[in-house]
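A.B. asks: Encoded as structure tokens, here's the structure I'll be asking about.
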Amino acid sequence: MFRRQPAALALSGVTLLLWGMLAPGCSSNPASPSLIVDEISIESVEVLILETFPVQATAHVQGTLGDGCTEFHSLTQSRAGNEITVTILKKRPREAVCIQIAKLYEANIPLQGQYPPGKYLLRVNGFEKAFSTD
């Protein structure tokens with residue numbers, strides 16, 4: 001026996017069907033797994049000198065990752081004499097349509113090595129911060 005469906009039920013079924021077809025377009029395309037990898041935007045860097053022996057340092061870094069789809073990717077660190085370079089990368093799906101709310105980044109990054117008395121220059125994604133140890 002055939003039963004008629006109420007119009008509201010039929011309409012909600014069509015809505016769910018359309019949502020199911022459109023929702024995947026609101027995120028990354030599974031057929032295109034490529035990522036965009038780039039440096040995060042740095043807003044501030046503070047260097048904390050630890051009261052240890054030998055003297056060590058930590059960088060307190062604040063910045064912006066990007067939109068709602070952007071995530072932390074990696075952190076690398078290198079040192080040449082009294083110059084320390086930290087690179088912080090972010091990643092996001094290339095074709096993603098994302099919420100446009102800035103995701104913030106904040107971290108305490110232990111700086112590798114020892115810091116005998118002297119002047120130093122820390123670069124984090126191009127943001128420079130000079131510091132000294134006594």
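Labeling convention for the structure tokens: chains A, B, ... as they appear, residues from 1 per chain, ligands from 1 in order of appearance.
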Considering only C-alpha atoms, return as a PyMOL selection string whatever protein or nucleic-acid residues lie within 9 Å of Ser34 (chain A), sequence-local ones (same chain, fewer than 3 positions apart) excluded.

C.D. replies: chain A and resi 92-95

A.B. asks: Store the residues picked out above, limited to C-alpha atoms, as a compact mmCIF listing (two decimals), in the first residue's frame.

C.D. replies:
```
# COMPACT_ATOMS: atom_id res chain seq x y z
CA ARG A 92 46.42 24.63 4.84
CA PRO A 93 44.64 22.70 2.10
CA ARG A 94 45.06 24.51 -1.23
CA GLU A 95 41.39 24.43 -2.31
```

A.B. asks: Using only C-alpha atoms, which residues sit within 10 Å of Cys69 (chain A) once same-chain residues fewer than 4 positions away are excluded, as a PDB file with C-alpha atoms, in the first residue's frame?

C.D. replies:
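Listed below is the output, part-v5.pdb:
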```pdb
ATOM      1  CA  SER A  27      35.941  22.007   3.016  1.00  0.00           C
ATOM      2  CA  SER A  28      38.992  20.778   1.190  1.00  0.00           C
ATOM      3  CA  LEU A  65      48.497  31.180  11.836  1.00  0.00           C
ATOM      4  CA  LYS A  91      49.876  24.555   6.390  1.00  0.00           C
ATOM      5  CA  ARG A  92      46.417  24.628   4.839  1.00  0.00           C
ATOM      6  CA  PRO A  93      44.637  22.698   2.098  1.00  0.00           C
ATOM      7  CA  ARG A  94      45.058  24.509  -1.226  1.00  0.00           C
ATOM      8  CA  ALA A  96      39.805  24.813   1.148  1.00  0.00           C
ATOM      9  CA  VAL A  97      36.996  27.267   1.812  1.00  0.00           C
ATOM     10  CA  CYS A  98      37.405  28.238   5.450  1.00  0.00           C
ATOM     11  CA  ILE A  99      35.998  30.429   8.164  1.00  0.00           C
ATOM     12  CA  GLN A 100      37.783  33.778   8.160  1.00  0.00           C
ATOM     13  CA  ILE A 101      38.614  33.996  11.843  1.00  0.00           C
ATOM     14  CA  ALA A 102      42.282  34.403  12.677  1.00  0.00           C
ATOM     15  CA  LYS A 103      43.852  31.489  14.538  1.00  0.00           C
TER      16      LYS A 103
END
```

A.B. asks: Out of A:Glu106, A:Gly113, A:Thr87, A:Ala59, which residue has the shortest atom-to-atom distance to Gly126 (chain A) when counting only C-alpha atoms?

C.D. replies: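 Checking each of A:Glu106, A:Gly113, A:Thr87, A:Ala59 against Gly126 (chain A), counting only C-alpha atoms, the winner is A:Thr87.
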
A.B. asks: Kindly provide the residues of region 75-104 of chain A that approach region 119-125 of chain A to within 12 Å, each paired with its closest atom pair and their distance in Å to one decimal, based on only C-alpha atoms, listed by chain and increasing number, as a Markdown table.

C.D. replies:
```
| residue | atom | partner | partner_atom | distance |
| --- | --- | --- | --- | --- |
| A:Leu75 | CA | A:Val124 | CA | 10.1 |
| A:Thr76 | CA | A:Val124 | CA | 10.0 |
| A:Gln77 | CA | A:Val124 | CA | 9.2 |
| A:Ser78 | CA | A:Arg123 | CA | 10.0 |
| A:Arg79 | CA | A:Leu122 | CA | 9.2 |
| A:Ala80 | CA | A:Leu121 | CA | 10.2 |
| A:Gly81 | CA | A:Tyr120 | CA | 8.6 |
| A:Asn82 | CA | A:Tyr120 | CA | 4.8 |
| A:Glu83 | CA | A:Leu121 | CA | 4.9 |
| A:Ile84 | CA | A:Leu122 | CA | 4.8 |
| A:Thr85 | CA | A:Arg123 | CA | 4.8 |
| A:Val86 | CA | A:Val124 | CA | 4.7 |
| A:Thr87 | CA | A:Asn125 | CA | 5.2 |
| A:Ile88 | CA | A:Asn125 | CA | 6.6 |
| A:Leu89 | CA | A:Asn125 | CA | 8.7 |
| A:Lys90 | CA | A:Asn125 | CA | 11.5 |
```

A.B. asks: One decimal, in Å: what's the spacing between CA of Pro110 (chain A) and CA of Gln56 (chain A)?

C.D. replies: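 Those two atoms sit 8.1 Å apart.
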
A.B. asks: Which residues are near region 42-55 of chain A? Cut-off 6 Å, only C-alpha atoms, ignore same chain within fewer than 6 positions. Put them as an mmCIF file with N, CA and C atoms, in the first residue's frame.

C.D. replies:
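Listed below is the output, around10.cif:
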```cif
data_model
loop_
_atom_site.group_PDB
_atom_site.id
_atom_site.type_symbol
_atom_site.label_atom_id
_atom_site.label_comp_id
_atom_site.auth_asym_id
_atom_site.auth_seq_id
_atom_site.Cartn_x
_atom_site.Cartn_y
_atom_site.Cartn_z
ATOM 1 N N VAL A 61 57.009 33.463 21.600
ATOM 2 C CA VAL A 61 56.605 33.942 20.280
ATOM 3 C C VAL A 61 55.087 33.999 20.180
ATOM 4 N N GLN A 62 54.580 35.121 19.657
ATOM 5 C CA GLN A 62 53.152 35.270 19.388
ATOM 6 C C GLN A 62 52.977 35.672 17.932
ATOM 7 N N GLY A 63 51.963 35.085 17.293
ATOM 8 C CA GLY A 63 51.705 35.404 15.898
ATOM 9 C C GLY A 63 50.336 34.926 15.477
ATOM 10 N N GLN A 114 74.051 26.970 24.321
ATOM 11 C CA GLN A 114 74.341 27.729 25.537
ATOM 12 C C GLN A 114 74.565 29.184 25.160
ATOM 13 N N TYR A 115 74.378 30.070 26.141
ATOM 14 C CA TYR A 115 74.459 31.503 25.883
ATOM 15 C C TYR A 115 75.383 32.182 26.888
#
```

A.B. asks: Pick out the closest residue to Pro116 (chain A) from this set: A:Gly66, A:Phe72, A:Asp134, A:Glu39. Count only C-alpha atoms.

C.D. replies: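 Result for the nearest residue to Pro116 (chain A): A:Asp134.
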
A.B. asks: May I ask for the distance between CA of Ile40 (chain A) and CA of Tyr105 (chain A), given in Å to one decimal place?

C.D. replies: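 If I compute the distance from CA of Ile40 (chain A) to CA of Tyr105 (chain A), I get 8.4 Å.
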
A.B. asks: One number please: CA of Ile109 (chain A) to CA of His60 (chain A), in Å, one decimal.

C.D. replies: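 CA of Ile109 (chain A) sits 6.4 Å away from CA of His60 (chain A).
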
A.B. asks: With distances taken over only C-alpha atoms, which residue among A:Asn108, A:Gly118, A:Phe127, A:Ser132 lies nearest Thr58 (chain A)?

C.D. replies: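 Of A:Asn108, A:Gly118, A:Phe127, A:Ser132, the one nearest Thr58 (chain A), counting only C-alpha atoms, is A:Asn108.
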